[in-house]
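Below is one structure, written out as structure tokens, with a few remarks after it.
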Amino acid sequence: MSIASKFIAAAVSAVAFTATATANPLDKTECIAPAKPGGGFDLTCKLVQSALQDGKFIADPMRVTYMPGGIGAVAYNTVIAQKPDAANAIVAFSGGSLLNLAQGKFGRYTENDVRWLAAIGTDYGAVVVAENSPYKTLKDVMAAMKADPTKVVLGAGGTVGSQDWMKAALTARAGGVNPKTMRYVAFEGGGEALTALQGGHIHVFTGDAAEAQQQIKAGAKVRILAVMNDKRLSGDMASIPTATEQGFDVDWPIVRGFYVGPKVSDADYKVWADTFTKLMATPAYDKLRSERGLFPMALTGAPLDAYVKKQVAGYRKLAEEFGLNVVPAK
């Protein structure tokens, strides 16, 4: 058993899983955030908690519980092994979860071991610099890296192989720079990386667009040079150019959504999928999603399952290209 598998097994056995199977999956609902309070998984659960309650889709408030460990690995293993049929429990996932699955970081399970329920919104990767940075465009950054990659320090929340590292590596590669030569500093999270960016300890932050924009609104002295999408984002970020239009073909969506256990019945799964479909079609939901910095993405059921499988396959290919560990689907 690998060290990662031993960690997951030990953590799973120590977790008290509270969800129970019920006659109606919308009774006594629970949203599991596979991390500590705060951050993207918590935001995902809180968004749906508010939307379901405000829209009167559920009678009792949804409980949010936290199951940290392995950036989603402990929750994934716990649901599959201990409560695979808990129909009233939904678990948050992100694009980072899918990247970890592709690299075998969830132990022996793959993307085929849960039922993918709903994608409720998305963020996008972004290239961010300090307000006083000499780099005014993404082209400026890439020109400096091509001239001498050791003089441009990149940083983000996550080690080699993580989502933020992958954004940096893809950007470097798109600019003709070998990712193995880039200087990358790993931080505990995006907030810590943004602090380092403003302090001059790193020169470029490859994070999330919405996260960076919300930090700017809160007073952070940073600028977003590019968003990693094939077209410009809406609202406050409509003026920010994409990486593609600056000559660098980098597209990095950060989906946010939910899955349920593998043995949840088709009937209960359909109740949840239909509820999410109705919920995400309301103007009230659009407002709640926008307030949390997420952009429109609404997929449920089979279309989401197909999207997840395609994304994980793409992440496996990327991981192989960058010399990272890859685990094939079962």
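As shown in the structure tokens, the chain order sets the letters A, B, ...; within each chain, residues go from 1, and ligands are also counted from 1 in the order they appear.
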Selection: 7 Å around region 224-240 of chain A, only C-alpha atoms, excl. self and same-chain fewer than 6 positions, as a ChimeraX atom specification: /A:124-129,137-138,209,250-253
Long-range neighbours of Gly121 (chain A) as a count of residues only, 7 Å cut-off, only C-alpha atoms, 2 positions minimum in chain: 8
query: Hey, which of A:Gln213, A:Gln246, A:Ser162, A:Thr29 ends up closest to Leu318 (chain A)? Count only C-alpha atoms.
result: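 That would be A:Ser162, the residue with the smallest distance to Leu318 (chain A).
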Would you kindly return, as an mmCIF file with all heavy atoms, in the first residue's frame, each protein, DNA or RNA residue with an atom no farther than 10 Å from any atom of Ala174 (chain A), considering only C-alpha atoms and excluding same-chain residues fewer than 5 positions away?
```
data_model
loop_
_atom_site.group_PDB
_atom_site.id
_atom_site.type_symbol
_atom_site.label_atom_id
_atom_site.label_comp_id
_atom_site.auth_asym_id
_atom_site.auth_seq_id
_atom_site.Cartn_x
_atom_site.Cartn_y
_atom_site.Cartn_z
ATOM 1 N N MET A 142 6.124 36.575 -20.826
ATOM 2 C CA MET A 142 6.722 35.498 -21.605
ATOM 3 C C MET A 142 8.042 35.912 -22.243
ATOM 4 O O MET A 142 8.973 35.105 -22.345
ATOM 5 C CB MET A 142 5.746 35.007 -22.668
ATOM 6 C CG MET A 142 4.475 34.361 -22.105
ATOM 7 S SD MET A 142 4.749 33.205 -20.726
ATOM 8 C CE MET A 142 5.931 32.079 -21.445
ATOM 9 N N ALA A 168 0.674 27.382 -14.650
ATOM 10 C CA ALA A 168 1.978 28.002 -14.893
ATOM 11 C C ALA A 168 2.736 27.243 -15.980
ATOM 12 O O ALA A 168 3.324 27.844 -16.898
ATOM 13 C CB ALA A 168 2.794 28.030 -13.599
ATOM 14 N N ALA A 169 2.718 25.911 -15.893
ATOM 15 C CA ALA A 169 3.446 25.081 -16.861
ATOM 16 C C ALA A 169 2.869 25.236 -18.264
ATOM 17 O O ALA A 169 3.604 25.337 -19.251
ATOM 18 C CB ALA A 169 3.401 23.623 -16.422
ATOM 19 N N PRO A 179 8.759 24.145 -19.286
ATOM 20 C CA PRO A 179 8.281 24.249 -17.898
ATOM 21 C C PRO A 179 9.296 23.770 -16.865
ATOM 22 O O PRO A 179 9.275 24.213 -15.717
ATOM 23 C CB PRO A 179 7.035 23.359 -17.901
ATOM 24 C CG PRO A 179 6.568 23.378 -19.319
ATOM 25 C CD PRO A 179 7.819 23.413 -20.143
ATOM 26 N N ALA A 243 -5.694 34.902 -22.582
ATOM 27 C CA ALA A 243 -4.339 34.485 -22.958
ATOM 28 C C ALA A 243 -4.290 34.214 -24.460
ATOM 29 O O ALA A 243 -3.315 34.565 -25.134
ATOM 30 C CB ALA A 243 -3.951 33.228 -22.173
ATOM 31 N N THR A 244 -5.359 33.650 -24.985
ATOM 32 C CA THR A 244 -5.410 33.304 -26.406
ATOM 33 C C THR A 244 -5.263 34.531 -27.301
ATOM 34 O O THR A 244 -4.503 34.523 -28.270
ATOM 35 C CB THR A 244 -6.734 32.575 -26.734
ATOM 36 O OG1 THR A 244 -6.825 31.393 -25.940
ATOM 37 C CG2 THR A 244 -6.791 32.206 -28.202
ATOM 38 N N GLY A 247 -1.872 35.650 -27.845
ATOM 39 C CA GLY A 247 -0.980 34.757 -28.568
ATOM 40 C C GLY A 247 -0.586 33.482 -27.838
ATOM 41 O O GLY A 247 0.316 32.762 -28.280
ATOM 42 N N PHE A 248 -1.253 33.187 -26.698
ATOM 43 C CA PHE A 248 -0.888 32.016 -25.911
ATOM 44 C C PHE A 248 -2.136 31.156 -25.690
ATOM 45 O O PHE A 248 -3.035 31.543 -24.947
ATOM 46 C CB PHE A 248 -0.270 32.437 -24.573
ATOM 47 C CG PHE A 248 0.872 33.398 -24.747
ATOM 48 C CD1 PHE A 248 0.669 34.772 -24.642
ATOM 49 C CD2 PHE A 248 2.136 32.947 -25.082
ATOM 50 C CE1 PHE A 248 1.708 35.667 -24.832
ATOM 51 C CE2 PHE A 248 3.186 33.836 -25.275
ATOM 52 C CZ PHE A 248 2.968 35.193 -25.156
ATOM 53 N N ASP A 249 -2.181 30.004 -26.306
ATOM 54 C CA ASP A 249 -3.372 29.165 -26.298
ATOM 55 C C ASP A 249 -3.457 28.361 -25.003
ATOM 56 O O ASP A 249 -3.031 27.206 -24.940
ATOM 57 C CB ASP A 249 -3.343 28.233 -27.520
ATOM 58 C CG ASP A 249 -4.654 27.482 -27.689
ATOM 59 O OD1 ASP A 249 -5.645 27.884 -27.054
ATOM 60 O OD2 ASP A 249 -4.675 26.496 -28.450
ATOM 61 N N VAL A 250 -4.006 28.996 -23.967
ATOM 62 C CA VAL A 250 -4.160 28.350 -22.665
ATOM 63 C C VAL A 250 -5.608 28.525 -22.205
ATOM 64 O O VAL A 250 -6.086 29.649 -22.035
ATOM 65 C CB VAL A 250 -3.219 28.955 -21.603
ATOM 66 C CG1 VAL A 250 -3.353 28.191 -20.283
ATOM 67 C CG2 VAL A 250 -1.776 28.922 -22.075
#
```
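The spacing separating CA of Pro37 (chain A) from CA of Asp286 (chain A) amounts to 23.7 Å.
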Neighbour list for His201 (chain A) as a list in words, cut-off 10 Å, only C-alpha atoms, skip fewer than 5 positions in-chain: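 The neighbour list is Val153, Leu154, Gly155, Val185, Ala193, Leu194, Thr195 and Ala196 of chain A.
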task: Just give me the gap between CA of Pro134 (chain A) and CA of Asp148 (chain A) in Å, one decimal is fine.
output: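 Between these atoms lies a distance of 15.5 Å.
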